[in-house]
>>> print(open('entry-v7.txt').read())   # compact mmCIF, C-alpha atoms
# COMPACT_ATOMS: atom_id res chain seq x y z
CA MET X 1048 25.10 -3.80 24.29
CA ARG X 1049 24.44 -3.84 20.54
CA ARG X 1050 24.60 -0.43 18.86
CA VAL X 1051 22.49 0.68 15.91
CA VAL X 1052 23.53 2.95 13.06
CA ILE X 1053 21.96 4.41 9.95
CA THR X 1054 23.65 3.26 6.76
CA GLY X 1055 21.13 4.00 4.03
CA MET X 1056 18.58 6.70 3.16
CA GLY X 1057 15.80 7.04 0.63
CA VAL X 1058 13.01 9.52 0.05
CA ILE X 1059 10.29 10.54 -2.38
CA ALA X 1060 8.46 13.76 -1.59
CA SER X 1061 6.90 16.84 -3.14
CA THR X 1062 10.29 18.55 -3.02
CA GLY X 1063 12.36 15.75 -4.50
CA LYS X 1064 12.25 12.18 -5.72
CA ASP X 1065 15.57 11.22 -4.14
CA VAL X 1066 17.71 12.25 -1.17
CA GLU X 1067 19.93 14.59 -3.16
CA SER X 1068 17.17 16.69 -4.72
CA PHE X 1069 15.09 16.56 -1.53
CA PHE X 1070 17.97 17.84 0.59
CA SER X 1071 18.90 20.57 -1.87
CA ALA X 1072 15.26 21.77 -1.85
CA LEU X 1073 15.39 21.88 1.96
CA LEU X 1074 18.58 23.92 1.92
CA SER X 1075 17.21 26.37 -0.61
CA GLY X 1076 13.90 26.65 1.25
CA ARG X 1077 11.88 25.54 -1.74
CA SER X 1078 8.29 24.50 -0.99
CA GLY X 1079 6.56 21.58 -2.68
CA ILE X 1080 3.04 22.79 -1.96
CA ALA X 1081 0.77 23.57 -4.91
CA ARG X 1082 -2.82 23.23 -6.10
CA ILE X 1083 -4.05 19.61 -5.91
CA SER X 1084 -3.70 17.83 -9.25
CA GLN X 1085 -4.86 14.27 -8.47
CA PHE X 1086 -8.52 15.30 -8.57
CA ASP X 1087 -10.45 18.51 -9.13
CA PRO X 1088 -10.35 20.30 -5.76
CA SER X 1089 -12.62 23.20 -6.81
CA ALA X 1090 -15.38 22.22 -4.38
CA LEU X 1091 -13.00 22.17 -1.39
CA THR X 1092 -12.09 25.01 0.95
CA VAL X 1093 -8.55 23.64 1.00
CA GLN X 1094 -7.30 23.15 -2.55
CA ILE X 1095 -3.60 22.68 -1.90
CA ALA X 1096 -1.31 19.82 -0.90
CA ALA X 1097 2.29 18.68 -1.12
CA GLU X 1098 1.96 16.19 -3.97
CA ILE X 1099 4.77 14.38 -5.78
CA PRO X 1100 4.99 16.36 -9.03
CA ALA X 1101 4.94 14.60 -12.40
CA TYR X 1102 4.77 11.15 -10.86
CA THR X 1103 4.39 8.29 -13.35
CA PRO X 1104 4.00 4.95 -11.52
CA THR X 1105 5.01 2.92 -14.59
CA ASP X 1106 8.44 4.58 -14.45
CA TYR X 1107 8.98 2.49 -11.30
CA PHE X 1108 6.77 -0.61 -11.57
CA PRO X 1109 5.46 -2.98 -14.25
CA ALA X 1110 1.71 -2.70 -14.88
CA LYS X 1111 0.85 -6.04 -13.27
CA ARG X 1112 2.74 -5.21 -10.07
CA LEU X 1113 1.01 -1.82 -9.86
CA GLU X 1114 -2.38 -3.50 -9.54
CA MET X 1115 -1.30 -4.75 -6.12
CA LEU X 1116 0.19 -1.43 -4.98
CA ASP X 1117 -1.72 1.45 -3.49
CA ARG X 1118 0.03 4.78 -4.02
CA PHE X 1119 1.43 4.74 -0.45
CA SER X 1120 3.06 1.35 -1.02
CA GLN X 1121 4.55 2.58 -4.28
CA PHE X 1122 6.20 5.44 -2.43
CA ALA X 1123 7.39 3.09 0.34
CA LEU X 1124 9.04 0.83 -2.25
CA ILE X 1125 10.65 3.72 -4.13
CA ALA X 1126 12.17 5.14 -0.93
CA ALA X 1127 13.25 1.68 0.25
CA ARG X 1128 14.99 1.02 -3.08
CA GLU X 1129 17.02 4.22 -2.71
CA ALA X 1130 17.87 3.38 0.91
CA MET X 1131 19.09 -0.07 -0.14
CA GLN X 1132 21.04 1.30 -3.07
CA SER X 1133 22.70 4.04 -1.03
CA SER X 1134 23.66 1.53 1.68
CA GLY X 1135 25.41 -0.83 -0.73
CA LEU X 1136 23.97 -3.64 1.38
CA GLU X 1137 23.73 -7.05 -0.22
CA VAL X 1138 21.85 -9.37 2.08
CA ARG X 1139 23.21 -12.88 2.03
CA GLU X 1140 20.81 -15.80 1.88
CA GLU X 1141 21.50 -16.89 5.47
CA GLU X 1142 20.95 -13.32 6.72
CA ARG X 1143 17.43 -12.89 5.35
CA THR X 1144 15.76 -13.92 8.59
CA HIS X 1145 17.64 -11.12 10.35
CA PHE X 1146 16.55 -8.49 7.85
CA GLY X 1147 13.22 -6.79 8.59
CA VAL X 1148 10.99 -3.84 7.75
CA VAL X 1149 8.90 -1.37 9.76
CA VAL X 1150 6.89 1.16 7.76
CA GLY X 1151 4.60 3.59 9.54
CA SER X 1152 1.50 4.94 7.84
CA GLY X 1153 -1.19 7.18 9.18
CA MET X 1154 -3.79 6.40 6.57
CA GLY X 1155 -2.58 3.30 4.68
CA GLY X 1156 -4.19 2.66 1.30
CA ALA X 1157 -6.48 5.68 1.43
CA GLN X 1158 -6.80 6.07 -2.33
CA THR X 1159 -7.79 2.47 -2.95
CA LEU X 1160 -10.36 2.68 -0.18
CA ASP X 1161 -11.72 6.02 -1.40
CA GLN X 1162 -12.05 4.73 -4.96
CA GLY X 1163 -13.58 1.47 -3.74
CA TYR X 1164 -16.22 3.24 -1.66
CA LEU X 1165 -16.97 5.58 -4.56
CA ASN X 1166 -17.65 2.57 -6.75
CA LEU X 1167 -19.65 0.86 -4.03
CA TYR X 1168 -21.82 3.69 -2.76
CA ALA X 1169 -22.03 6.15 -5.63
CA LYS X 1170 -21.70 3.93 -8.66
CA GLN X 1171 -23.63 1.11 -6.99
CA ALA X 1172 -21.07 -1.57 -7.71
CA THR X 1173 -21.89 -4.78 -5.88
CA ARG X 1174 -18.33 -5.83 -5.23
CA LEU X 1175 -14.83 -4.49 -5.04
CA HIS X 1176 -11.59 -5.56 -6.66
CA PRO X 1177 -10.17 -8.70 -5.00
CA PHE X 1178 -6.89 -6.86 -4.35
CA THR X 1179 -8.62 -4.18 -2.26
CA ILE X 1180 -7.71 -5.57 1.17
CA PRO X 1181 -4.07 -6.43 0.38
CA LYS X 1182 -3.67 -2.91 -1.04
CA VAL X 1183 -5.49 -1.00 1.70
CA MET X 1184 -4.04 -2.62 4.83
CA HIS X 1185 -1.59 -0.44 6.73
CA ASN X 1186 1.15 -3.08 6.59
CA ALA X 1187 0.96 -3.32 2.78
CA GLY X 1188 3.97 -1.03 2.40
CA ALA X 1189 6.11 -3.05 4.81
CA SER X 1190 5.00 -6.36 3.28
CA GLN X 1191 5.74 -5.23 -0.27
CA ILE X 1192 9.24 -4.13 0.73
CA CYS X 1193 9.79 -7.48 2.48
CA MET X 1194 8.80 -9.33 -0.68
CA GLU X 1195 10.99 -7.17 -2.92
CA TYR X 1196 14.08 -7.87 -0.80
CA SER X 1197 13.17 -11.31 0.61
CA ALA X 1198 13.38 -9.77 4.09
CA GLN X 1199 12.12 -12.53 6.37
CA GLY X 1200 12.77 -10.95 9.76
CA PRO X 1201 10.36 -8.77 11.76
CA SER X 1202 7.77 -6.95 9.63
CA LEU X 1203 5.58 -4.31 11.22
CA ALA X 1204 3.43 -1.30 10.46
CA THR X 1205 3.05 1.46 13.01
CA SER X 1206 0.04 3.72 12.76
CA THR X 1207 0.22 6.56 15.24
CA ALA X 1208 -0.88 9.59 13.20
CA CYS X 1209 1.97 12.06 12.62
CA SER X 1210 4.33 9.93 14.73
CA SER X 1211 3.95 6.79 12.60
CA ALA X 1212 7.32 7.01 10.84
CA GLY X 1213 9.16 8.16 13.97
CA HIS X 1214 7.79 5.22 15.90
CA ALA X 1215 8.73 2.90 13.02
CA ILE X 1216 12.36 4.01 13.29
CA GLY X 1217 12.24 3.63 17.08
CA GLN X 1218 10.77 0.14 16.91
CA ALA X 1219 13.32 -0.91 14.28
CA PHE X 1220 16.11 0.46 16.50
CA HIS X 1221 14.94 -1.66 19.42
CA LEU X 1222 14.47 -4.77 17.27
CA ILE X 1223 18.14 -4.54 16.27
CA LYS X 1224 19.39 -3.49 19.69
CA PHE X 1225 17.69 -6.42 21.40
CA GLY X 1226 18.88 -8.94 18.83
CA MET X 1227 15.74 -9.74 16.83
CA ALA X 1228 17.30 -8.35 13.64
CA ASP X 1229 20.62 -7.06 12.28
CA MET X 1230 19.25 -4.91 9.46
CA MET X 1231 15.94 -3.03 9.32
CA LEU X 1232 14.42 -0.79 6.67
CA ALA X 1233 12.33 1.71 8.64
CA GLY X 1234 10.38 4.86 7.93
CA GLY X 1235 6.99 6.01 6.80
CA ALA X 1236 4.75 6.27 3.76
CA ASP X 1237 1.42 7.94 3.10
CA ALA X 1238 -0.65 9.04 0.12
CA PRO X 1239 -3.77 10.61 1.58
CA ILE X 1240 -4.56 13.17 -1.13
CA THR X 1241 -8.09 12.01 -1.89
CA TYR X 1242 -11.40 13.81 -1.95
CA GLY X 1243 -12.68 11.89 1.08
CA MET X 1244 -9.51 12.46 3.08
CA LEU X 1245 -9.37 16.17 2.28
CA ARG X 1246 -13.03 16.57 3.24
CA SER X 1247 -12.35 14.78 6.54
CA TRP X 1248 -9.34 16.96 7.31
CA GLU X 1249 -11.23 20.07 6.28
CA SER X 1250 -13.76 19.33 9.02
CA VAL X 1251 -11.04 19.25 11.68
CA ARG X 1252 -10.31 22.86 10.70
CA VAL X 1253 -6.57 22.51 11.01
CA LEU X 1254 -5.60 22.84 7.36
CA ALA X 1255 -4.10 25.98 5.85
CA THR X 1256 -5.99 27.17 2.79
CA GLY X 1257 -2.92 28.77 1.26
CA ASN X 1258 -5.02 31.41 -0.40
CA GLY X 1259 -2.79 33.63 -2.42
CA ASP X 1260 0.45 31.71 -2.27
CA PRO X 1261 0.31 27.94 -1.63
CA ARG X 1262 4.10 27.81 -1.31
CA ARG X 1263 3.85 29.87 1.87
CA ALA X 1264 0.90 27.98 3.35
CA CYS X 1265 2.89 25.92 5.85
CA ARG X 1266 4.62 28.18 8.38
CA PRO X 1267 4.80 26.44 11.76
CA PHE X 1268 5.73 28.74 14.66
CA SER X 1269 5.11 31.88 12.59
CA ALA X 1270 2.95 34.55 14.22
CA ASP X 1271 0.64 34.46 11.17
CA ARG X 1272 0.62 30.66 10.75
CA GLU X 1273 -2.47 29.24 9.11
CA GLY X 1274 -2.37 25.53 9.81
CA MET X 1275 -0.96 22.35 8.37
CA VAL X 1276 -0.86 21.10 4.78
CA MET X 1277 -1.52 17.53 3.67
CA GLY X 1278 1.30 15.84 1.82
CA GLU X 1279 2.31 12.50 0.38
CA GLY X 1280 5.49 10.54 -0.02
CA SER X 1281 7.84 8.27 1.86
CA ALA X 1282 11.17 8.30 3.65
CA ILE X 1283 12.96 5.07 4.56
CA LEU X 1284 16.21 4.55 6.43
CA LEU X 1285 18.37 1.46 6.66
CA LEU X 1286 19.23 0.75 10.28
CA GLU X 1287 22.04 -1.69 10.91
CA GLU X 1288 23.82 -3.22 13.85
CA LEU X 1289 27.12 -1.37 14.23
CA GLU X 1290 29.50 -4.34 13.92
CA HIS X 1291 27.55 -5.64 10.92
CA ALA X 1292 27.95 -2.24 9.26
CA ARG X 1293 31.67 -2.05 10.15
CA ARG X 1294 32.39 -5.53 8.80
CA ARG X 1295 31.12 -4.62 5.36
CA GLY X 1296 32.74 -1.18 5.41
CA ALA X 1297 29.42 0.68 5.21
CA THR X 1298 29.15 4.46 5.27
CA ILE X 1299 27.67 5.36 8.66
CA TYR X 1300 25.48 8.45 8.61
CA ALA X 1301 24.36 8.48 12.25
CA GLU X 1302 23.79 6.38 15.34
CA VAL X 1303 20.39 5.86 16.96
CA SER X 1304 21.09 5.71 20.68
CA GLY X 1305 17.79 6.23 22.45
CA TYR X 1306 14.06 6.10 21.90
CA GLY X 1307 11.08 6.97 24.04
CA LEU X 1308 7.34 6.86 23.58
CA THR X 1309 4.44 7.73 25.84
CA ALA X 1310 0.74 8.54 25.67
CA ASP X 1311 -0.81 11.72 27.04
CA ALA X 1312 -4.03 9.83 27.72
CA SER X 1313 -5.90 13.11 27.82
CA HIS X 1314 -7.16 14.82 24.66
CA ILE X 1315 -7.19 13.15 21.22
CA THR X 1316 -5.83 16.16 19.32
CA GLN X 1317 -4.44 18.54 21.98
CA PRO X 1318 -1.04 17.46 23.34
CA SER X 1319 -0.16 17.91 27.00
CA VAL X 1320 3.32 18.84 28.23
CA ASP X 1321 3.84 15.84 30.47
CA GLY X 1322 3.66 13.16 27.73
CA PRO X 1323 6.38 14.59 25.45
CA VAL X 1324 8.58 15.39 28.48
CA ARG X 1325 8.49 11.79 29.66
CA ALA X 1326 9.13 10.51 26.10
CA ILE X 1327 12.15 12.79 25.68
CA ARG X 1328 13.55 11.80 29.10
CA MET X 1329 13.09 8.13 28.21
CA ALA X 1330 15.07 8.61 24.98
CA LEU X 1331 17.83 10.64 26.65
CA ASN X 1332 18.11 8.06 29.41
CA GLU X 1333 18.44 5.14 27.01
CA GLY X 1334 20.99 7.00 24.93
CA GLY X 1335 22.96 8.16 27.98
CA VAL X 1336 22.74 11.72 26.69
CA ASN X 1337 22.47 14.83 28.87
CA PRO X 1338 19.93 17.48 27.81
CA GLU X 1339 22.71 20.08 27.37
CA GLU X 1340 24.38 17.83 24.76
CA VAL X 1341 21.41 18.03 22.44
CA ASP X 1342 22.06 20.18 19.36
CA TYR X 1343 18.80 19.88 17.52
CA ILE X 1344 15.19 19.24 18.44
CA ASN X 1345 12.82 18.39 15.60
CA ALA X 1346 9.51 19.74 16.83
CA HIS X 1347 6.21 18.59 15.39
CA GLY X 1348 5.05 21.96 14.17
CA THR X 1349 1.34 21.51 13.81
CA MET G 505 -14.73 -18.06 -2.28
CA ARG G 506 -18.02 -17.32 -0.55
CA GLY G 507 -18.64 -13.72 0.21
CA ARG G 508 -17.08 -12.52 -3.02
CA VAL G 509 -20.34 -10.85 -3.91
CA ALA G 510 -20.94 -8.09 -1.41
CA THR G 511 -24.41 -7.70 0.01
CA LEU G 512 -25.35 -4.13 0.69
CA PRO G 513 -27.21 -3.30 3.88
CA GLY G 514 -30.85 -2.62 3.12
CA HIS G 515 -30.90 0.73 4.86
CA LEU G 516 -28.63 2.18 2.19
CA GLY G 517 -31.52 1.85 -0.19
CA VAL G 518 -29.22 0.65 -2.89
CA SER G 519 -30.44 -2.41 -4.64
CA ALA G 520 -27.75 -4.58 -6.08
CA PRO G 521 -28.33 -5.03 -9.79
CA HIS G 522 -28.50 -8.80 -9.50
CA THR G 523 -31.52 -8.89 -11.76
CA LYS G 524 -29.49 -8.30 -14.87
CA ARG G 525 -27.37 -11.30 -13.96
CA GLY G 526 -28.31 -14.89 -14.42
CA VAL G 527 -30.07 -14.18 -17.68
CA LYS G 528 -29.53 -17.14 -19.91
CA ARG G 529 -27.76 -16.18 -23.09
CA SER G 530 -27.47 -18.32 -26.10
CA VAL G 531 -23.98 -18.69 -27.35
CA THR G 532 -23.99 -18.50 -31.06
CA ASP G 533 -20.66 -16.91 -31.86
CA ASN G 534 -18.85 -19.59 -29.84
CA ASN G 535 -15.58 -17.72 -29.53
CA ILE G 536 -15.57 -18.09 -25.76
CA GLY G 537 -12.04 -19.47 -25.82
CA GLU G 538 -10.72 -16.39 -27.58
CA LYS G 539 -12.60 -14.09 -25.24
CA VAL G 540 -11.32 -15.87 -22.14
CA ILE G 541 -7.77 -15.71 -23.46
CA ALA G 542 -8.21 -12.00 -24.17
CA ILE G 543 -9.53 -11.40 -20.64
CA ILE G 544 -6.64 -13.27 -19.04
CA MET G 545 -4.11 -11.43 -21.20
CA ARG G 546 -5.63 -8.09 -20.25
CA GLU G 547 -5.98 -8.75 -16.53
CA GLN G 548 -2.53 -10.35 -16.15
CA HIS G 549 -0.79 -7.88 -18.48
CA LEU G 550 0.58 -10.74 -20.57
CA GLU G 551 1.98 -10.53 -24.07
CA PRO G 552 -0.01 -11.95 -27.02
CA GLY G 553 0.69 -15.64 -27.58
CA VAL G 554 1.56 -16.39 -23.95
CA VAL G 555 -1.93 -17.49 -22.94
CA LYS G 556 -3.00 -20.68 -24.68
CA LEU G 557 -6.03 -22.90 -24.26
CA ASP G 558 -3.89 -25.59 -22.63
CA SER G 559 -2.08 -23.20 -20.23
CA SER G 560 -2.53 -23.85 -16.53
CA PHE G 561 -3.08 -20.86 -14.24
CA ALA G 562 0.05 -21.88 -12.31
CA GLU G 563 2.31 -21.67 -15.36
CA LEU G 564 0.83 -18.26 -16.22
CA GLY G 565 1.66 -17.04 -12.71
CA ILE G 566 -2.01 -16.67 -11.82
CA ASP G 567 -2.53 -17.02 -8.06
CA SER G 568 -5.84 -17.43 -6.23
CA LEU G 569 -6.49 -13.66 -5.98
CA ASP G 570 -5.69 -13.22 -9.67
CA ALA G 571 -8.14 -16.04 -10.39
CA VAL G 572 -10.90 -14.20 -8.52
CA ASN G 573 -10.09 -11.09 -10.51
CA ILE G 574 -10.30 -13.04 -13.78
CA LEU G 575 -13.57 -14.58 -12.62
CA PHE G 576 -15.02 -11.11 -11.95
CA ALA G 577 -13.82 -9.92 -15.35
CA MET G 578 -15.47 -12.89 -17.08
CA GLU G 579 -18.71 -12.24 -15.20
CA GLU G 580 -18.62 -8.60 -16.31
CA GLU G 581 -17.80 -9.50 -19.89
CA PHE G 582 -20.55 -12.09 -20.27
CA LYS G 583 -23.01 -10.43 -17.83
CA ILE G 584 -23.48 -13.63 -15.84
CA ASP G 585 -22.93 -15.05 -12.36
CA ILE G 586 -20.46 -17.91 -12.30
CA PRO G 587 -21.30 -20.36 -9.49
CA ASP G 588 -18.60 -20.96 -6.87
CA ALA G 589 -18.43 -24.63 -7.86
CA ILE G 590 -17.11 -23.62 -11.26
CA ALA G 591 -14.91 -20.87 -9.87
CA GLN G 592 -13.21 -23.27 -7.46
CA ASN G 593 -12.37 -25.72 -10.24
CA MET G 594 -11.01 -23.03 -12.51
CA LYS G 595 -7.28 -23.71 -12.48
CA SER G 596 -6.50 -23.59 -16.17
CA VAL G 597 -7.62 -21.73 -19.27
CA SER G 598 -9.48 -24.76 -20.58
CA GLN G 599 -11.30 -25.23 -17.25
CA ALA G 600 -12.30 -21.57 -17.35
CA VAL G 601 -13.59 -21.92 -20.90
CA ASP G 602 -15.38 -25.17 -20.07
CA GLY G 603 -17.00 -23.76 -16.92
CA LEU G 604 -18.05 -20.60 -18.66
CA THR G 605 -19.49 -22.51 -21.62
CA ARG G 606 -21.56 -24.67 -19.29
CA VAL G 607 -22.97 -21.62 -17.49
CA LEU G 608 -23.75 -19.83 -20.74
CA GLU G 609 -25.43 -22.89 -22.19
CA GLY G 610 -27.24 -23.67 -18.95
CA LYS G 611 -25.68 -27.13 -18.67
CA ASP G 612 -25.61 -29.34 -15.59
CA ILE G 613 -22.74 -28.60 -13.21
CA SER G 614 -23.53 -31.12 -10.47
CA ASP G 615 -20.19 -32.90 -10.99
CA LEU G 616 -18.36 -29.65 -10.32
CA VAL G 617 -20.53 -28.97 -7.27
CA ALA G 618 -19.57 -32.40 -5.95
CA MET G 619 -15.89 -31.76 -6.63
CA ALA G 620 -16.10 -28.43 -4.86
CA LYS G 621 -17.56 -30.22 -1.83
CA GLY G 622 -14.64 -32.63 -1.90
CA GLU G 623 -16.63 -35.61 -3.19
CA SER G 624 -15.65 -37.60 -6.23
CA PRO G 625 -17.98 -37.17 -9.23
CA ALA G 626 -18.76 -40.90 -9.18
CA ALA G 627 -19.86 -40.85 -5.55
CA SER G 628 -21.99 -37.83 -6.28
CA SER G 629 -23.83 -39.38 -9.21
CA ALA G 630 -24.45 -42.54 -7.20
CA SER G 631 -26.16 -40.70 -4.38
>>> encode(input="entry-v7.txt", output="structure tokens")
Amino acid sequence: MRRVVITGMGVIASTGKDVESFFSALLSGRSGIARISQFDPSALTVQIAAEIPAYTPTDYFPAKRLEMLDRFSQFALIAAREAMQSSGLEVREEERTHFGVVVGSGMGGAQTLDQGYLNLYAKQATRLHPFTIPKVMHNAGASQICMEYSAQGPSLATSTACSSAGHAIGQAFHLIKFGMADMMLAGGADAPITYGMLRSWESVRVLATGNGDPRRACRPFSADREGMVMGEGSAILLLEELEHARRRGATIYAEVSGYGLTADASHITQPSVDGPVRAIRMALNEGGVNPEEVDYINAHGT
Amino acid sequence: MRGRVATLPGHLGVSAPHTKRGVKRSVTDNNIGEKVIAIIMREQHLEPGVVKLDSSFAELGIDSLDAVNILFAMEEEFKIDIPDAIAQNMKSVSQAVDGLTRVLEGKDISDLVAMAKGESPAASSAS
């Protein structure tokens, strides 16, 4: 059976624009949450988010290319570039059809859509920019990465709310394991800090207001927890078939050995116990891992 | 190319400002070529001197979506509607200038309509 390992990592987030700074912020417990800067949030109940600070798109992309990239695709590309660079992978011409991309996104090109609708409904424009659809679609991030690296293997976008990136990694793992690809860039990207998005989330009444100290707004599992905080960014991993990675002497960070996914099929926002239990058992079973061997469980803390 | 102009549902009560379009303008300054070149330079983020009257869209790296974008920009700039027949035959700077000039001067475009339908201009004029 083919085995799958992680040989590259990339990230851009509120706490760091690369893996090194991101990880050091995690270790030092530094929060990236602050008052929203992308638009004036004064009218909102929730005025905080985890935005990428001091982000200048032209530092990463030429102006013409940017016209085709929603903010979420920009982040996906930036994280993918770091993952590729850290992996040292150079894809040979004949390998391109075995190199693929899965990028999960909950909201896709939310900013482009928000701006487009503002122009359409409020400013009474009669048409939108011809790049609107290619920018807004959820698979824009994956497609843009494919084009940047001439990756001609499987290309997918998963969109399963907060599980989008996790499912992307799982799908990429299976695509390699079952022989449809040897190398996969996989992860997630979102940039949902828009007025329309924040208003929508506000109505769900699950967001922390962070009144007083935004940095302490997100405290899952705390007795005095307030709710979740919207954020933006991307994290992309390079998954690689083990022998492929060994042949090129790649640094192996971890192995993905099992994956499970289920649906509760009950309430749209309230999880049941049965669904996650079955998903975890499915993953343990595939990986041949006993529950007592598990060191760390990454819980979804909202 | 059809459908590039969105039609708003009536219940929104928003009337599309089509009325300001289609107004015939006389072209006295006749620097359409320069304006078209400026628009293409701006929209494609190209350096001065790259876009010439005899440049094809292909050699400027302008794909079909870019061409729609340039078309929209020209319509905005000149406050006109450019018929699809002209838009579909716009594959070079000179074709863009020619098409635009004909719209602005209210000239006959039946040959372009025929070409857009896949007929040869000769067959069209014979019918």
>>> closest_residue(input="entry-v7.txt", among="G:Asp567, G:Asn573, G:Arg546, G:Val554", to="chain X", atoms="only C-alpha atoms")
G:Asn573
>>> atom_distance(input="entry-v7.txt", atom1="atom CA of X:Ser1281", atom2="atom CA of X:Lys1064")
9.6 Å
>>> atom_distance(input="entry-v7.txt", atom1="atom CA of X:Met1131", atom2="atom CA of X:Ser1061")
21.1 Å
>>> atom_distance(input="entry-v7.txt", atom1="atom CA of X:Gly1076", atom2="atom CA of X:Leu1254")
20.8 Å
>>> closest_residue(input="entry-v7.txt", among="X:Leu1308, X:Ile1083, X:Leu1175, X:Ile1283", to="chain G", atoms="all atoms listed in the file")
X:Leu1175
>>> interface_residues(input="entry-v7.txt", of="chain X", to="chain G", cutoff="10 Å", atoms="only C-alpha atoms", output="list of chain:residue names")
X:Pro1109, X:Ala1110, X:Lys1111, X:Arg1112, X:Glu1114, X:Leu1167, X:Tyr1168, X:Ala1169, X:Gln1171, X:Ala1172, X:Thr1173, X:Arg1174, X:Leu1175, X:His1176, X:Pro1177, X:Phe1178, X:Pro1181
>>> residues_around(input="entry-v7.txt", residues="stretch 1260-1276 of chain X", least_positions_apart="5", cutoff="7 Å", atoms="all atoms listed in the file", output="list in words")
Ser1078, Gly1079, Ile1080, Ala1081, Ile1095, Ala1096, Val1253, Leu1254, Ala1255, Gly1348 and Thr1349 of chain X
>>> residues_around(input="entry-v7.txt", residues="X:Gly1151", least_positions_apart="6", cutoff="6 Å", atoms="only C-alpha atoms", output="PyMOL selection string")
chain X and resi 1204-1206+1211-1212+1215+1235
>>> write_last_selection(input="entry-v7.txt", atoms="C-alpha atoms", output="compact mmCIF listing (two decimals), keeping the file's coordinate frame")
# COMPACT_ATOMS: atom_id res chain seq x y z
CA ALA X 1204 3.43 -1.30 10.46
CA THR X 1205 3.05 1.46 13.01
CA SER X 1206 0.04 3.72 12.76
CA SER X 1211 3.95 6.79 12.60
CA ALA X 1212 7.32 7.01 10.84
CA ALA X 1215 8.73 2.90 13.02
CA GLY X 1235 6.99 6.01 6.80
>>> closest_residue(input="entry-v7.txt", among="X:Asn1337, X:Ser1120, X:Thr1103, X:Gln1317", to="X:Gln1191", atoms="all atoms listed in the file")
X:Ser1120
>>> decode(input="entry-v7.txt", residues="stretch 591-617 of chain G", atoms="C-alpha atoms", output="mmCIF file, in the first residue's frame")
data_model
loop_
_atom_site.group_PDB
_atom_site.id
_atom_site.type_symbol
_atom_site.label_atom_id
_atom_site.label_comp_id
_atom_site.auth_asym_id
_atom_site.auth_seq_id
_atom_site.Cartn_x
_atom_site.Cartn_y
_atom_site.Cartn_z
ATOM 1 C CA ALA G 591 -16.977 43.131 -30.187
ATOM 2 C CA GLN G 592 -16.623 39.667 -31.713
ATOM 3 C CA ASN G 593 -14.425 40.952 -34.520
ATOM 4 C CA MET G 594 -12.207 42.933 -32.192
ATOM 5 C CA LYS G 595 -8.970 40.960 -32.233
ATOM 6 C CA SER G 596 -6.457 43.726 -32.775
ATOM 7 C CA VAL G 597 -5.948 47.345 -31.817
ATOM 8 C CA SER G 598 -6.794 48.533 -35.324
ATOM 9 C CA GLN G 599 -10.012 46.466 -35.362
ATOM 10 C CA ALA G 600 -10.965 47.992 -32.018
ATOM 11 C CA VAL G 601 -10.296 51.495 -33.321
ATOM 12 C CA ASP G 602 -12.146 50.784 -36.564
ATOM 13 C CA GLY G 603 -15.167 49.282 -34.801
ATOM 14 C CA LEU G 604 -15.324 52.073 -32.291
ATOM 15 C CA THR G 605 -15.027 54.738 -34.994
ATOM 16 C CA ARG G 606 -17.901 53.183 -36.918
ATOM 17 C CA VAL G 607 -20.126 53.150 -33.832
ATOM 18 C CA LEU G 608 -19.243 56.722 -32.918
ATOM 19 C CA GLU G 609 -19.873 57.922 -36.448
ATOM 20 C CA GLY G 610 -23.021 55.851 -36.804
ATOM 21 C CA LYS G 611 -21.691 53.965 -39.825
ATOM 22 C CA ASP G 612 -23.087 50.762 -41.300
ATOM 23 C CA ILE G 613 -21.815 47.598 -39.609
ATOM 24 C CA SER G 614 -23.777 45.002 -41.591
ATOM 25 C CA ASP G 615 -20.559 43.388 -42.876
ATOM 26 C CA LEU G 616 -19.431 42.819 -39.295
ATOM 27 C CA VAL G 617 -22.858 41.460 -38.346
#
